[in-house]
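Shown here: target39.txt, compact mmCIF, C-alpha atoms and all ligand atoms.
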# COMPACT_ATOMS: atom_id res chain seq x y z
CA MET A 429 0.00 0.00 0.00
CA ALA A 430 2.74 2.39 0.97
CA SER A 431 4.68 1.69 -2.21
CA ARG A 432 1.57 2.19 -4.30
CA ILE A 433 1.03 5.58 -2.68
CA SER A 434 4.63 6.60 -3.22
CA ARG A 435 4.46 5.48 -6.84
CA THR A 436 1.30 7.51 -7.30
CA LEU A 437 3.01 10.47 -5.69
CA VAL A 438 5.98 10.14 -8.03
CA ALA A 439 3.65 10.01 -11.01
CA MET A 440 1.78 13.08 -9.78
CA LEU A 441 5.00 15.00 -9.27
CA ALA A 442 6.20 14.02 -12.73
CA THR A 443 2.93 15.22 -14.21
CA ALA A 444 3.17 18.47 -12.27
CA GLY A 445 6.72 18.97 -13.49
CA ALA A 446 5.67 18.42 -17.08
CA THR A 447 2.78 20.84 -16.67
CA LEU A 448 5.11 23.49 -15.29
CA GLY A 449 7.41 23.04 -18.22
CA VAL A 450 10.30 21.73 -16.16
CA THR A 451 13.06 20.54 -18.44
CA LEU A 452 16.22 18.64 -17.80
CA ALA A 453 19.15 20.86 -17.00
CA ASN A 454 22.11 21.07 -19.29
CA PRO A 455 20.88 19.26 -22.41
CA SER A 456 23.95 18.28 -24.36
CA PRO A 457 23.72 18.28 -28.16
CA ALA A 458 26.62 15.85 -28.38
CA SER A 459 24.77 13.20 -26.44
CA ALA A 460 21.31 13.85 -27.85
CA ALA A 461 19.71 11.04 -29.75
CA MET A 462 19.70 11.46 -33.50
CA THR A 463 16.25 11.69 -34.98
CA ILE A 464 15.53 9.69 -38.10
CA CYS A 465 12.21 10.73 -39.59
CA TYR A 466 10.38 8.01 -41.46
CA ASN A 467 7.41 8.53 -43.72
CA THR A 468 4.74 5.88 -44.32
CA SER A 469 2.45 7.82 -46.63
CA GLN A 470 3.31 5.40 -49.46
CA ALA A 471 2.88 2.32 -47.29
CA PRO A 472 -0.57 2.72 -45.72
CA SER A 473 -0.91 -1.01 -45.00
CA TYR A 474 2.31 -1.03 -43.01
CA ALA A 475 2.20 2.23 -41.03
CA SER A 476 1.48 0.39 -37.80
CA ILE A 477 4.18 -2.18 -38.54
CA ALA A 478 6.64 0.64 -39.21
CA ASN A 479 5.77 2.22 -35.87
CA GLN A 480 6.41 -1.08 -34.11
CA ALA A 481 9.72 -1.49 -35.92
CA ALA A 482 10.72 2.05 -34.96
CA THR A 483 9.99 1.31 -31.31
CA ILE A 484 12.10 -1.85 -31.50
CA TRP A 485 15.06 0.04 -32.93
CA ASN A 486 14.63 2.93 -30.49
CA ASN A 487 14.66 0.52 -27.56
CA ALA A 488 17.58 -1.51 -28.91
CA THR A 489 19.87 1.45 -29.50
CA SER A 490 21.00 4.25 -27.23
CA ASN A 491 21.41 7.15 -29.62
CA LEU A 492 18.64 6.89 -32.20
CA THR A 493 15.06 8.10 -32.26
CA LEU A 494 13.03 6.95 -35.22
CA THR A 495 10.01 9.24 -35.45
CA ALA A 496 7.00 9.00 -37.74
CA ASN A 497 6.20 11.60 -40.35
CA CYS A 498 8.41 14.43 -39.13
CA GLY A 499 10.45 14.41 -42.32
CA THR A 500 11.78 12.08 -44.96
CA ASN A 501 15.09 10.57 -43.95
CA LEU A 502 13.46 7.23 -44.58
CA ARG A 503 10.59 6.72 -47.00
CA ILE A 504 8.69 3.44 -46.75
CA TYR A 505 6.81 2.05 -49.73
CA GLN A 506 4.61 -0.96 -50.26
CA ILE A 507 4.95 -2.82 -53.55
CA THR A 508 3.41 -5.95 -55.01
CA GLY A 509 5.90 -8.58 -56.12
CA GLY A 510 9.61 -8.27 -56.81
CA GLY A 511 10.69 -8.76 -53.23
CA SER A 512 11.21 -6.47 -50.27
CA TYR A 513 14.43 -4.48 -50.29
CA ALA A 514 16.18 -1.40 -49.02
CA VAL A 515 18.14 1.39 -50.69
CA ARG A 516 20.49 3.19 -48.32
CA THR A 517 21.56 6.54 -49.73
CA SER A 518 23.65 7.36 -46.66
CA LEU A 519 23.72 6.27 -43.05
CA GLY A 520 20.21 6.84 -41.68
CA ASN A 521 18.78 7.85 -45.04
CA GLY A 522 17.11 5.86 -47.78
CA ARG A 523 14.06 3.93 -48.87
CA VAL A 524 12.48 0.68 -47.78
CA TYR A 525 10.17 -1.33 -50.02
CA ILE A 526 7.83 -3.90 -48.49
CA ASP A 527 6.51 -6.51 -50.91
CA THR A 528 2.93 -7.26 -49.87
CA GLN A 529 3.14 -10.81 -51.27
CA GLN A 530 6.31 -11.53 -49.33
CA ALA A 531 4.83 -10.01 -46.19
CA ALA A 532 2.04 -12.57 -46.47
CA GLN A 533 4.66 -15.36 -46.24
CA TYR A 534 7.22 -13.89 -43.85
CA SER A 535 6.57 -11.87 -40.71
CA PRO A 536 5.95 -8.30 -41.91
CA LEU A 537 7.43 -6.89 -38.71
CA ARG A 538 10.62 -8.93 -39.14
CA ILE A 539 10.84 -7.75 -42.76
CA MET A 540 10.36 -4.14 -41.65
CA THR A 541 12.94 -4.18 -38.85
CA HIS A 542 15.39 -6.02 -41.13
CA GLU A 543 15.06 -3.55 -43.98
CA ILE A 544 15.33 -0.60 -41.61
CA GLY A 545 18.46 -2.32 -40.28
CA HIS A 546 20.02 -1.80 -43.70
CA ILE A 547 19.22 1.92 -43.53
CA LEU A 548 20.90 1.95 -40.11
CA GLY A 549 24.07 0.49 -41.57
CA LEU A 550 23.77 -3.28 -41.22
CA PRO A 551 24.62 -5.71 -44.04
CA ASP A 552 22.88 -9.00 -44.70
CA ASN A 553 24.03 -12.04 -42.77
CA TYR A 554 22.31 -15.09 -44.24
CA ASN A 555 23.28 -17.64 -41.60
CA GLY A 556 19.84 -19.13 -41.08
CA ASN A 557 19.80 -18.09 -37.42
CA CYS A 558 16.40 -16.73 -36.41
CA ALA A 559 18.02 -14.85 -33.50
CA ILE A 560 19.91 -12.77 -36.06
CA LEU A 561 17.70 -10.09 -37.61
CA MET A 562 19.91 -9.63 -40.64
CA SER A 563 19.65 -13.33 -41.49
CA GLY A 564 16.40 -12.29 -43.13
CA GLY A 565 14.56 -14.99 -45.03
CA SER A 566 17.38 -17.51 -44.61
CA ALA A 567 15.80 -18.35 -41.25
CA GLY A 568 12.63 -19.47 -43.02
CA THR A 569 9.06 -18.28 -43.04
CA SER A 570 8.47 -19.71 -39.56
CA CYS A 571 10.93 -17.24 -38.06
CA THR A 572 9.04 -14.21 -36.79
CA ASN A 573 11.73 -12.68 -34.56
CA PRO A 574 11.70 -8.91 -35.21
CA TYR A 575 14.47 -8.01 -32.75
CA PRO A 576 18.10 -7.28 -33.58
CA SER A 577 20.60 -9.35 -31.61
CA SER A 578 22.62 -7.48 -28.99
CA ALA A 579 25.57 -7.52 -31.39
CA GLU A 580 23.48 -6.07 -34.21
CA ALA A 581 22.06 -3.38 -31.94
CA SER A 582 25.51 -2.50 -30.60
CA ARG A 583 26.82 -2.23 -34.14
CA VAL A 584 24.14 0.31 -35.06
CA THR A 585 24.76 2.32 -31.90
CA SER A 586 28.48 2.44 -32.68
CA LEU A 587 27.84 3.45 -36.30
CA PHE A 588 25.83 6.42 -35.12
CA ALA A 589 28.12 7.36 -32.26
CA GLY A 590 29.44 10.85 -32.78
CA THR A 591 27.13 11.64 -35.68
CA ARG A 592 24.91 14.62 -35.15
CA SER A 593 22.87 14.88 -38.28
CA THR A 594 21.44 12.70 -40.97
CA GLU A 595 22.44 14.91 -43.84
CA ARG A 596 22.83 13.18 -47.15
CA GLY A 597 26.16 12.64 -48.75
CA ALA A 598 28.00 11.08 -45.85
CA ASP A 599 28.45 7.87 -47.84
CA SER A 600 30.00 7.52 -51.25
CA GLY A 601 26.79 6.36 -52.90
CA SER A 602 23.58 4.42 -52.66
CA THR A 603 23.68 0.81 -51.58
CA VAL A 604 20.90 -1.56 -52.59
CA PHE A 605 20.09 -4.57 -50.40
CA GLN A 606 17.96 -7.06 -52.31
CA ASP A 607 16.94 -10.71 -52.14
CA SER A 608 16.84 -10.91 -48.36
CA TRP A 609 13.56 -12.83 -48.49
CA PRO A 610 13.61 -15.68 -50.99
CA ALA A 611 10.25 -16.65 -52.37
CA ALA A 612 8.77 -19.50 -50.40
CA LEU A 613 7.69 -22.55 -52.32
CA ALA A 614 4.04 -22.58 -53.21
CA PRO A 615 2.08 -24.84 -50.90
CA VAL A 616 1.49 -28.31 -52.28
CA SER A 617 -2.14 -28.61 -53.22
ZN ZN B 1 18.51 -7.70 -46.27
For the file at hand, write its structure as structure tokens.
Amino acid sequence: MASRISRTLVAMLATAGATLGVTLANPSPASAAMTICYNTSQAPSYASIANQAATIWNNATSNLTLTANCGTNLRIYQITGGGSYAVRTSLGNGRVYIDTQQAAQYSPLRIMTHEIGHILGLPDNYNGNCAILMSGGSAGTSCTNPYPSSAEASRVTSLFAGTRSTERGADSGSTVFQDSWPAALAPVS
């Protein structure tokens, strides 16, 4: 009972602080999380999936904040056929294409977090291990794990360490990541 009251009190104080406009002292730009704005206007069927994927990446990393529809660092499209893929124009910038047919075979959330992983700097790693996000479709259609491994998450955090903007042109050119999700065999009828 006592702990419930104290928790309630803490929540009330936090609310009061927010209402009064209390902000953290000494915000440091160098340690601020980088915002990557993603846009789902061209992927209406996957807006919710994109939001879930953004939350996964935000929780897995310590210096990134993927935010919906605040800009266009990352544009997400839905396509029919041809396979899901990603085009990274520079670290934190690019386009993700979700194939609706593929997303009916593989976990759409795993596809989304995987393709965003490419935008965040990760290469493919087709080792068939479902615990590895960048193993993509090599882990089979039964693999629905949407979470990066701790090593994958640490890699992204280190790639973004020290970066303060997501301006284009940081990389030498666009990189296309295709064929991460091989077509599953048609069910035997
Ligand atoms: Zn891939």
> Restricting the calculation to all atoms listed in the file, which member of A:Pro610, A:Pro472, A:Pro576, A:Gly564 is positioned closest to ligand ZN 1 (chain B)?
Replying inline: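 So, comparing all the options, the nearest one is A:Gly564.
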>> Residues within 9 Å of (15.0, -24.6, -38.1), file coordinates, counting all atoms listed in the file: what are they? Give the list as a ChimeraX atom specification.
In response: /A:556-558,567-568,570-571
Selected residues, C-alpha atoms, written as a short mmCIF file (atom, residue, chain, number, x, y, z; two decimals), in the coordinates of the input, please.
data_model
loop_
_atom_site.label_atom_id
_atom_site.label_comp_id
_atom_site.auth_asym_id
_atom_site.auth_seq_id
_atom_site.Cartn_x
_atom_site.Cartn_y
_atom_site.Cartn_z
CA GLY A 556 19.84 -19.13 -41.08
CA ASN A 557 19.80 -18.09 -37.42
CA CYS A 558 16.40 -16.73 -36.41
CA ALA A 567 15.80 -18.35 -41.25
CA GLY A 568 12.63 -19.47 -43.02
CA SER A 570 8.47 -19.71 -39.56
CA CYS A 571 10.93 -17.24 -38.06
#
Chain A near ligand ZN 1 (chain B) within 9 Å: what's each residue's closest atom pair and its distance in Å to one decimal, counting only C-alpha atoms and all ligand atoms, ordered by chain then ascending residue number, as a tab-separated table?
residue	atom	partner	partner_atom	distance
A:Ser512	CA	B:ZN1	ZN	8.4
A:Tyr513	CA	B:ZN1	ZN	6.6
A:Ala514	CA	B:ZN1	ZN	7.3
A:Ile539	CA	B:ZN1	ZN	8.4
A:His542	CA	B:ZN1	ZN	6.2
A:Glu543	CA	B:ZN1	ZN	5.9
A:Gly545	CA	B:ZN1	ZN	8.1
A:His546	CA	B:ZN1	ZN	6.6
A:Leu550	CA	B:ZN1	ZN	8.5
A:Pro551	CA	B:ZN1	ZN	6.8
A:Asp552	CA	B:ZN1	ZN	4.8
A:Asn553	CA	B:ZN1	ZN	7.8
A:Tyr554	CA	B:ZN1	ZN	8.6
A:Met562	CA	B:ZN1	ZN	6.1
A:Ser563	CA	B:ZN1	ZN	7.5
A:Gly564	CA	B:ZN1	ZN	5.9
A:Gly565	CA	B:ZN1	ZN	8.4
A:Phe605	CA	B:ZN1	ZN	5.4
A:Gln606	CA	B:ZN1	ZN	6.1
A:Asp607	CA	B:ZN1	ZN	6.8
A:Ser608	CA	B:ZN1	ZN	4.2
A:Trp609	CA	B:ZN1	ZN	7.5
So that I have them on file, write out the residues from the current selection with C-alpha atoms, as a tab-separated table (two decimals), in the coordinates of the input.
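Result saved to out.tsv:
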chain	number	residue	atom	x	y	z
A	512	SER	CA	11.21	-6.47	-50.27
A	513	TYR	CA	14.43	-4.48	-50.29
A	514	ALA	CA	16.18	-1.40	-49.02
A	539	ILE	CA	10.84	-7.75	-42.76
A	542	HIS	CA	15.39	-6.02	-41.13
A	543	GLU	CA	15.06	-3.55	-43.98
A	545	GLY	CA	18.46	-2.32	-40.28
A	546	HIS	CA	20.02	-1.80	-43.70
A	550	LEU	CA	23.77	-3.28	-41.22
A	551	PRO	CA	24.62	-5.71	-44.04
A	552	ASP	CA	22.88	-9.00	-44.70
A	553	ASN	CA	24.03	-12.04	-42.77
A	554	TYR	CA	22.31	-15.09	-44.24
A	562	MET	CA	19.91	-9.63	-40.64
A	563	SER	CA	19.65	-13.33	-41.49
A	564	GLY	CA	16.40	-12.29	-43.13
A	565	GLY	CA	14.56	-14.99	-45.03
A	605	PHE	CA	20.09	-4.57	-50.40
A	606	GLN	CA	17.96	-7.06	-52.31
A	607	ASP	CA	16.94	-10.71	-52.14
A	608	SER	CA	16.84	-10.91	-48.36
A	609	TRP	CA	13.56	-12.83	-48.49
>> Given only C-alpha atoms as the basis, pick out the residue of A:Thr463, A:Ala475, A:Ser490, A:Ile544 nearest to Ala589 of chain A.
In response: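 Answer, going by the shortest atom-to-atom distance: A:Ser490.
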If the box runs along x, y and z of the file and leaves 6 Å on each side of segment 556-559 of chain A, what are its centre and edge lengths in Å, one decimal, as AutoDock Vina command-line options?
--center_x 18.1 --center_y -17.0 --center_z -37.3 --size_x 15.4 --size_y 16.3 --size_z 19.6
>> From the options A:Gln530, A:Thr603, A:Gln470, A:Thr585, which residue's atoms come nearest to Gln506 of chain A, counting all atoms listed in the file?
In response: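 Among the listed residues, the smallest separation from Gln506 of chain A belongs to A:Gln470.
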>> Quick check, in Å to one decimal: how far apart do atom CA of Leu548 of chain A and atom CA of Asn497 of chain A lie?
In response: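 So the two atoms, atom CA of Leu548 of chain A and atom CA of Asn497 of chain A, lie 17.6 Å apart.
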> Which residue, A:Val604, A:Ala581, A:Ala532, A:Ile526, has the smallest gap to Ala488 of chain A when you use all atoms listed in the file?
Replying inline: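 Distance minimum relative to Ala488 of chain A lands on A:Ala581.
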>> Using all atoms listed in the file, can you tell me which of A:Ser473, A:Thr489, A:Thr517, A:Tyr525 comes closest to Ser578 of chain A?
In response: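 Of A:Ser473, A:Thr489, A:Thr517, A:Tyr525, the one nearest Ser578 of chain A is A:Thr489, counting all atoms listed in the file.
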> Please, what distance in Å, to one decimal, runs between atom CA of Thr572 of chain A and atom CA of Pro536 of chain A?
Replying inline: 8.4 Å
>> Can you measure atom CA of Ser469 of chain A to atom CA of Asn521 of chain A for me? One decimal in Å is fine.
In response: 16.4 Å
>> Which residues are close to Gln480 of chain A, i.e. within 12 Å by all atoms listed in the file, leaving aside same-chain residues fewer than 3 positions away? Reply as a PyMOL selection string.
In response: chain A and resi 474-477+483-487+494-496+536-541+544+574-575
>> Measuring between all atoms listed in the file, which one of A:Ala471, A:Gln529, A:Gly549, A:Leu561 shows the shortest distance to Val515 of chain A?
In response: A:Gly549
